[in-house]
Amino acid sequence: MLNGKRILLIVAGGIAAFKCHDLIRRLRGQGAHVRCVLTEAGARFVTPLSLQALSEDKVYTDMFSLTDESEMGHIELSREADLLVVAPATANILARMAAGMADDLAATVLLATDKPVLAAPAMNVRMWTHAATVANVETLKKRGVTFVGPNDGAMACNEYGPGRMSEPAEIVTAIDAMLATTGSLTGKRALVTSGPTREALDPVRYISNHSSGKQGHAIAAALAKLGADVTLVSGPVSVADPFGVKVVKIDSADQMLAACLAAGAVDVAVCAAAVADWKAAKPADAKIKKKAGAPPPALELTPNPDILATLSQPGPQRPRLVVGFAAETENLVANAVDKRTRKGCDWIVANDVSPATGTFGGERNTVHLVTGEGVEEWPTLAKDEVAVRLANRIAGQFGPPRSIKAAE
C-alpha cells in the first residue's frame, strides 16, 4: 500500500517514542522509505543508532550540521518527503508548531514544509485536556494538520485517560489514508451535511441541538482525500472548514434542503447533520416578551422537511449511495434499522448520543453501520478515524476498493 512512499518521521521527547521502532518496521514492511528527525528530548528515550538501524537511513538531529545545511538540508528534508509524521507529538512540539517556531531542526522542518503533516499526540491526560493544548490542536487543524489519536488508556505516569499515543498499526492506517489522495473516488461527486440546524422562534431565539459538526466535517475531509469533489452543507459550527471542500453555510432545515438540491447530481450523499425535527409553525416577527403573571406562550410546531428521505427518493437524480445517520439515546440498533427502512436510504450510521457518552461535541465516536447485509459494530474511534473508515467503505462501492488496511 505504501510502496515507494517517502515518510519523514519526527520523533519528539516522550516515553511513547519507543513505539517508533515498531512504526518504522511496519512502514518499511509496506515498502515505504523512512527517514528520521530525532529531537534532543527524543534522544533521551531512543537512540539515533536504533532508528538508523531500522530505517536503514541517516538520522538527522542537528540544525547546524555544516554538511547538511550547506545545501539547506532542512528544506530538502521536507521537500523530499511525501508526508511528515510527528510521533510522539508531545504538548511541547504541538505548541511550537502552533506558534510557528523554528528553534531546532524538527520545528524548522515542520515550518518549512508544504507537504501534509500527521501528528500522533502523546502526553498526560491533563496536558491533553488543558486549554492551551486544545487551542493549539484547533489551530493546527485549521492549518491542515491531521491528527491520529490520542487513545484512552493507561500511561507511564500511572494515570488513565486520553493522551496515550495511537498504536503503530493505527498510525500506519492513518498514513495510508493521507497518501490515498489519488484513490478510488477521483471523478466522483459527494454531498455531505453536517452540524445542527437552527429553527427560529423569533428574531433572537431558536430550536437547535448540541451537534458540533466534527463528525460530518471529518467525513467531508476524508472523502476529499480519496479524490471526491465534495460539497459540504453545514449548519452553524465552530470547527474549521475542511481543506479542499466546497462549503455552503446555512441555518435552518429548509435552507439545508435547498442547498442539497442546488448541489445537483452527486454520486454519494452522506447526511450526517443533526437536523431539527420541528420548527415553529409561525415564527414571531418581534421578540416574544415575557409578561408578569402570564403563562408561557403556546409554542405551535410543524415538521421540518425530511432531507434524508428526500435525497433517498427513487429517480434519475438519486445518488448511487445515500448514507444517513441515526443519533439515538436508546434502542440504538433497532431504531437505526427501522430508520433505514422508513427513509429508503442505503446505509445508516448509528451512534449513541446520550449525555454520558460525550459524543456530541466530543472527539470520539462509537458507531454501528447498518446496511442491507446486516449490522457492523465498529470500535470506539476518534471521529477522524470513523470518517476514514466510512470513506473507504463508500469508495468500495464505486469499483475496485482502494481501502485502507491496518498494518499487521
# chains A, B, ... in the order shown; residues from 1 in each chain; ligands from 1
$ select_by_dssp --residues "range 131-320 of chain A" --states "alpha helix (DSSP H)" --output "VMD selection string"
chain A and resid 131 to 142 168 to 178 214 to 225 253 to 262 307 to 312
$ select_by_dssp --residues "range 223-324 of chain A" --states "strand (DSSP E)" --output "MDAnalysis selection string"
chainID A and resid 229:234 246:249 268:271 278:280 301:303 321:324
$ closest_residue --among "A:Leu201, A:Val109, A:Ala224, A:Ala87" --to "Ile75 in chain A" --atoms "only C-alpha atoms"
A:Val109
$ closest_atom_pairs --of "range 95-175 of chain A" --to "range 230-242 of chain A" --cutoff "10 Å" --atoms "only C-alpha atoms" --output "tab-separated table"
residue	atom	partner	partner_atom	distance
A:Glu138	CA	A:Val239	CA	8.2
A:Thr139	CA	A:Ala240	CA	9.2
A:Lys141	CA	A:Ala240	CA	7.6
A:Lys142	CA	A:Ala240	CA	5.6
A:Arg143	CA	A:Ala240	CA	9.2
A:Gly144	CA	A:Pro242	CA	8.0
$ atom_distance --atom1 "CA of Gly153 in chain A" --atom2 "CA of Ser212 in chain A"
24.8 Å
$ residues_around --residues "range 165-174 of chain A" --least-positions-apart "4" --cutoff "10 Å" --atoms "only C-alpha atoms" --output "PDB file with C-alpha atoms, in the first residue's frame"
ATOM      1  CA  MET A   1       0.000   0.000   0.000  1.00  0.00           C
ATOM      2  CA  LEU A   2       2.846   2.409   0.756  1.00  0.00           C
ATOM      3  CA  GLY A  14       8.102  11.334  25.172  1.00  0.00           C
ATOM      4  CA  ILE A  15       8.105   7.819  26.569  1.00  0.00           C
ATOM      5  CA  ALA A  16       5.916   6.761  23.629  1.00  0.00           C
ATOM      6  CA  ALA A  17       8.949   7.257  21.384  1.00  0.00           C
ATOM      7  CA  LYS A  19       6.727   2.758  19.695  1.00  0.00           C
ATOM      8  CA  CYS A  20       8.516   4.395  16.766  1.00  0.00           C
ATOM      9  CA  HIS A  21      10.710   1.323  16.393  1.00  0.00           C
ATOM     10  CA  ASP A  22       7.643  -0.770  15.594  1.00  0.00           C
ATOM     11  CA  LEU A  23       6.191   2.020  13.465  1.00  0.00           C
ATOM     12  CA  ILE A  24       9.313   2.136  11.301  1.00  0.00           C
ATOM     13  CA  ARG A  25       9.281  -1.639  10.944  1.00  0.00           C
ATOM     14  CA  ARG A  26       5.668  -1.637   9.790  1.00  0.00           C
ATOM     15  CA  LEU A  27       6.213   1.201   7.330  1.00  0.00           C
ATOM     16  CA  GLN A  30       4.805  -1.956   3.388  1.00  0.00           C
ATOM     17  CA  VAL A  85       4.742  12.280  10.696  1.00  0.00           C
ATOM     18  CA  ALA A  87       5.221  10.719  16.669  1.00  0.00           C
ATOM     19  CA  PRO A  88       5.111  11.135  19.530  1.00  0.00           C
ATOM     20  CA  ALA A  89       3.629  14.613  19.157  1.00  0.00           C
ATOM     21  CA  THR A  90       4.219  15.973  22.639  1.00  0.00           C
ATOM     22  CA  LEU A 118       0.237  13.853  10.517  1.00  0.00           C
ATOM     23  CA  ALA A 119       0.569  14.197  14.287  1.00  0.00           C
ATOM     24  CA  ALA A 120       0.160  11.358  16.816  1.00  0.00           C
ATOM     25  CA  PRO A 121      -0.258  13.099  20.194  1.00  0.00           C
ATOM     26  CA  ALA A 122       1.141  11.542  23.359  1.00  0.00           C
ATOM     27  CA  MET A 123       1.035  13.225  26.758  1.00  0.00           C
ATOM     28  CA  THR A 146      -4.168  15.770  10.542  1.00  0.00           C
ATOM     29  CA  PHE A 147      -4.317  14.008  13.908  1.00  0.00           C
ATOM     30  CA  VAL A 148      -4.482  10.323  14.775  1.00  0.00           C
ATOM     31  CA  GLY A 149      -5.448   9.667  18.383  1.00  0.00           C
ATOM     32  CA  PRO A 150      -4.682  10.001  21.177  1.00  0.00           C
ATOM     33  CA  ASN A 151      -6.316   6.909  22.653  1.00  0.00           C
ATOM     34  CA  ASP A 152      -7.704   6.330  26.106  1.00  0.00           C
ATOM     35  CA  GLY A 153      -5.530   4.080  28.213  1.00  0.00           C
ATOM     36  CA  MET A 155       0.035   5.863  30.734  1.00  0.00           C
ATOM     37  CA  MET A 178      -3.430  10.546   3.870  1.00  0.00           C
ATOM     38  CA  LEU A 179      -1.455   9.230   0.927  1.00  0.00           C
ATOM     39  CA  ALA A 180      -4.550   7.867  -0.803  1.00  0.00           C
ATOM     40  CA  ASP A 384     -11.425  11.388  12.109  1.00  0.00           C
ATOM     41  CA  GLU A 385     -10.823   7.630  12.118  1.00  0.00           C
ATOM     42  CA  VAL A 388     -11.681   7.436   7.195  1.00  0.00           C
ATOM     43  CA  ARG A 389     -13.252   4.028   7.691  1.00  0.00           C
ATOM     44  CA  SER A 403      -9.417   0.875   1.100  1.00  0.00           C
ATOM     45  CA  ILE A 404      -7.108   1.483   3.996  1.00  0.00           C
ATOM     46  CA  LYS A 405      -5.823  -1.634   5.697  1.00  0.00           C
ATOM     47  CA  ALA A 406      -4.454  -1.802   9.198  1.00  0.00           C
ATOM     48  CA  ALA A 407      -0.830  -2.890   9.322  1.00  0.00           C
ATOM     49  CA  GLU A 408      -0.306  -6.436  10.518  1.00  0.00           C
TER      50      GLU A 408
END
$ closest_residue --among "A:Thr193, A:Arg164, A:Val34, A:Ala281" --to "Ser211 in chain A" --atoms "only C-alpha atoms"
A:Thr193
$ residues_around --residues "Thr380 in chain A" --least-positions-apart "3" --cutoff "8 Å" --atoms "only C-alpha atoms" --output "list in words"
Arg364, Asn365, Thr366 and Val367 of chain A
$ closest_residue --among "A:Asp114, A:Asp267, A:Asp346, A:Asp251" --to "Leu77 in chain A" --atoms "only C-alpha atoms"
A:Asp114
$ residues_around --residues "Val134 in chain A" --least-positions-apart "3" --cutoff "12 Å" --atoms "only C-alpha atoms" --output "PyMOL selection string"
chain A and resi 91+94-95+98+121+125-131+137-141+363
$ residues_around --residues "range 333-341 of chain A" --least-positions-apart "5" --cutoff "12 Å" --atoms "only C-alpha atoms" --output "list of chain:residue names"
A:Asp306, A:Leu308, A:Ala309, A:Ser312, A:Val322, A:Val323, A:Gly324, A:Phe325, A:Ala326, A:Ala327, A:Glu328, A:Asp346, A:Trp347, A:Ile348, A:Val349, A:Ala350, A:Asn351, A:Asp352, A:Val367, A:His368, A:Leu369, A:Val370, A:Thr371, A:Gly372, A:Glu373, A:Gly374, A:Val375, A:Glu376, A:Glu377
$ atom_distance --atom1 "CA of Phe18 in chain A" --atom2 "CA of Asn3 in chain A"
24.2 Å
$ closest_residue --among "A:Leu51, A:Gly42, A:Asn136, A:Ala265" --to "Leu191 in chain A" --atoms "only C-alpha atoms"
A:Ala265
$ closest_residue --among "A:Pro162, A:Pro116, A:Gly216, A:Gly13" --to "Asn92 in chain A" --atoms "only C-alpha atoms"
A:Gly13
$ decode --residues "range 75-122 of chain A" --atoms "C-alpha atoms" --output "tab-separated table (two decimals), in the first residue's frame"
chain	number	residue	atom	x	y	z
A	75	ILE	CA	14.40	22.47	3.28
A	76	GLU	CA	15.45	19.36	1.38
A	77	LEU	CA	14.22	17.07	4.15
A	78	SER	CA	10.70	18.46	3.83
A	79	ARG	CA	10.76	18.61	0.01
A	80	GLU	CA	11.87	15.02	-0.42
A	81	ALA	CA	9.09	13.59	1.77
A	82	ASP	CA	5.58	12.69	0.69
A	83	LEU	CA	4.38	13.02	4.28
A	84	LEU	CA	5.72	14.28	7.61
A	85	VAL	CA	4.74	12.28	10.70
A	86	VAL	CA	5.24	13.64	14.22
A	87	ALA	CA	5.22	10.72	16.67
A	88	PRO	CA	5.11	11.14	19.53
A	89	ALA	CA	3.63	14.61	19.16
A	90	THR	CA	4.22	15.97	22.64
A	91	ALA	CA	2.49	19.02	24.11
A	92	ASN	CA	5.75	20.89	23.64
A	93	ILE	CA	6.19	20.24	19.95
A	94	LEU	CA	2.49	20.90	19.24
A	95	ALA	CA	2.82	24.27	20.98
A	96	ARG	CA	5.92	25.11	18.96
A	97	MET	CA	4.21	24.06	15.73
A	98	ALA	CA	1.19	26.23	16.55
A	99	ALA	CA	3.43	29.20	17.36
A	100	GLY	CA	5.43	28.76	14.15
A	101	MET	CA	8.72	28.40	15.99
A	102	ALA	CA	11.92	27.28	14.29
A	103	ASP	CA	14.28	26.76	17.20
A	104	ASP	CA	15.54	23.30	16.28
A	105	LEU	CA	15.69	21.03	13.25
A	106	ALA	CA	12.31	19.37	13.85
A	107	ALA	CA	10.41	22.65	14.27
A	108	THR	CA	12.21	24.21	11.30
A	109	VAL	CA	11.40	21.30	9.01
A	110	LEU	CA	7.75	21.48	10.04
A	111	LEU	CA	7.65	25.23	9.40
A	112	ALA	CA	9.41	24.92	6.05
A	113	THR	CA	7.27	22.14	4.61
A	114	ASP	CA	4.42	22.34	2.13
A	115	LYS	CA	3.70	18.61	2.46
A	116	PRO	CA	0.91	17.06	4.53
A	117	VAL	CA	1.60	16.57	8.23
A	118	LEU	CA	0.24	13.85	10.52
A	119	ALA	CA	0.57	14.20	14.29
A	120	ALA	CA	0.16	11.36	16.82
A	121	PRO	CA	-0.26	13.10	20.19
A	122	ALA	CA	1.14	11.54	23.36
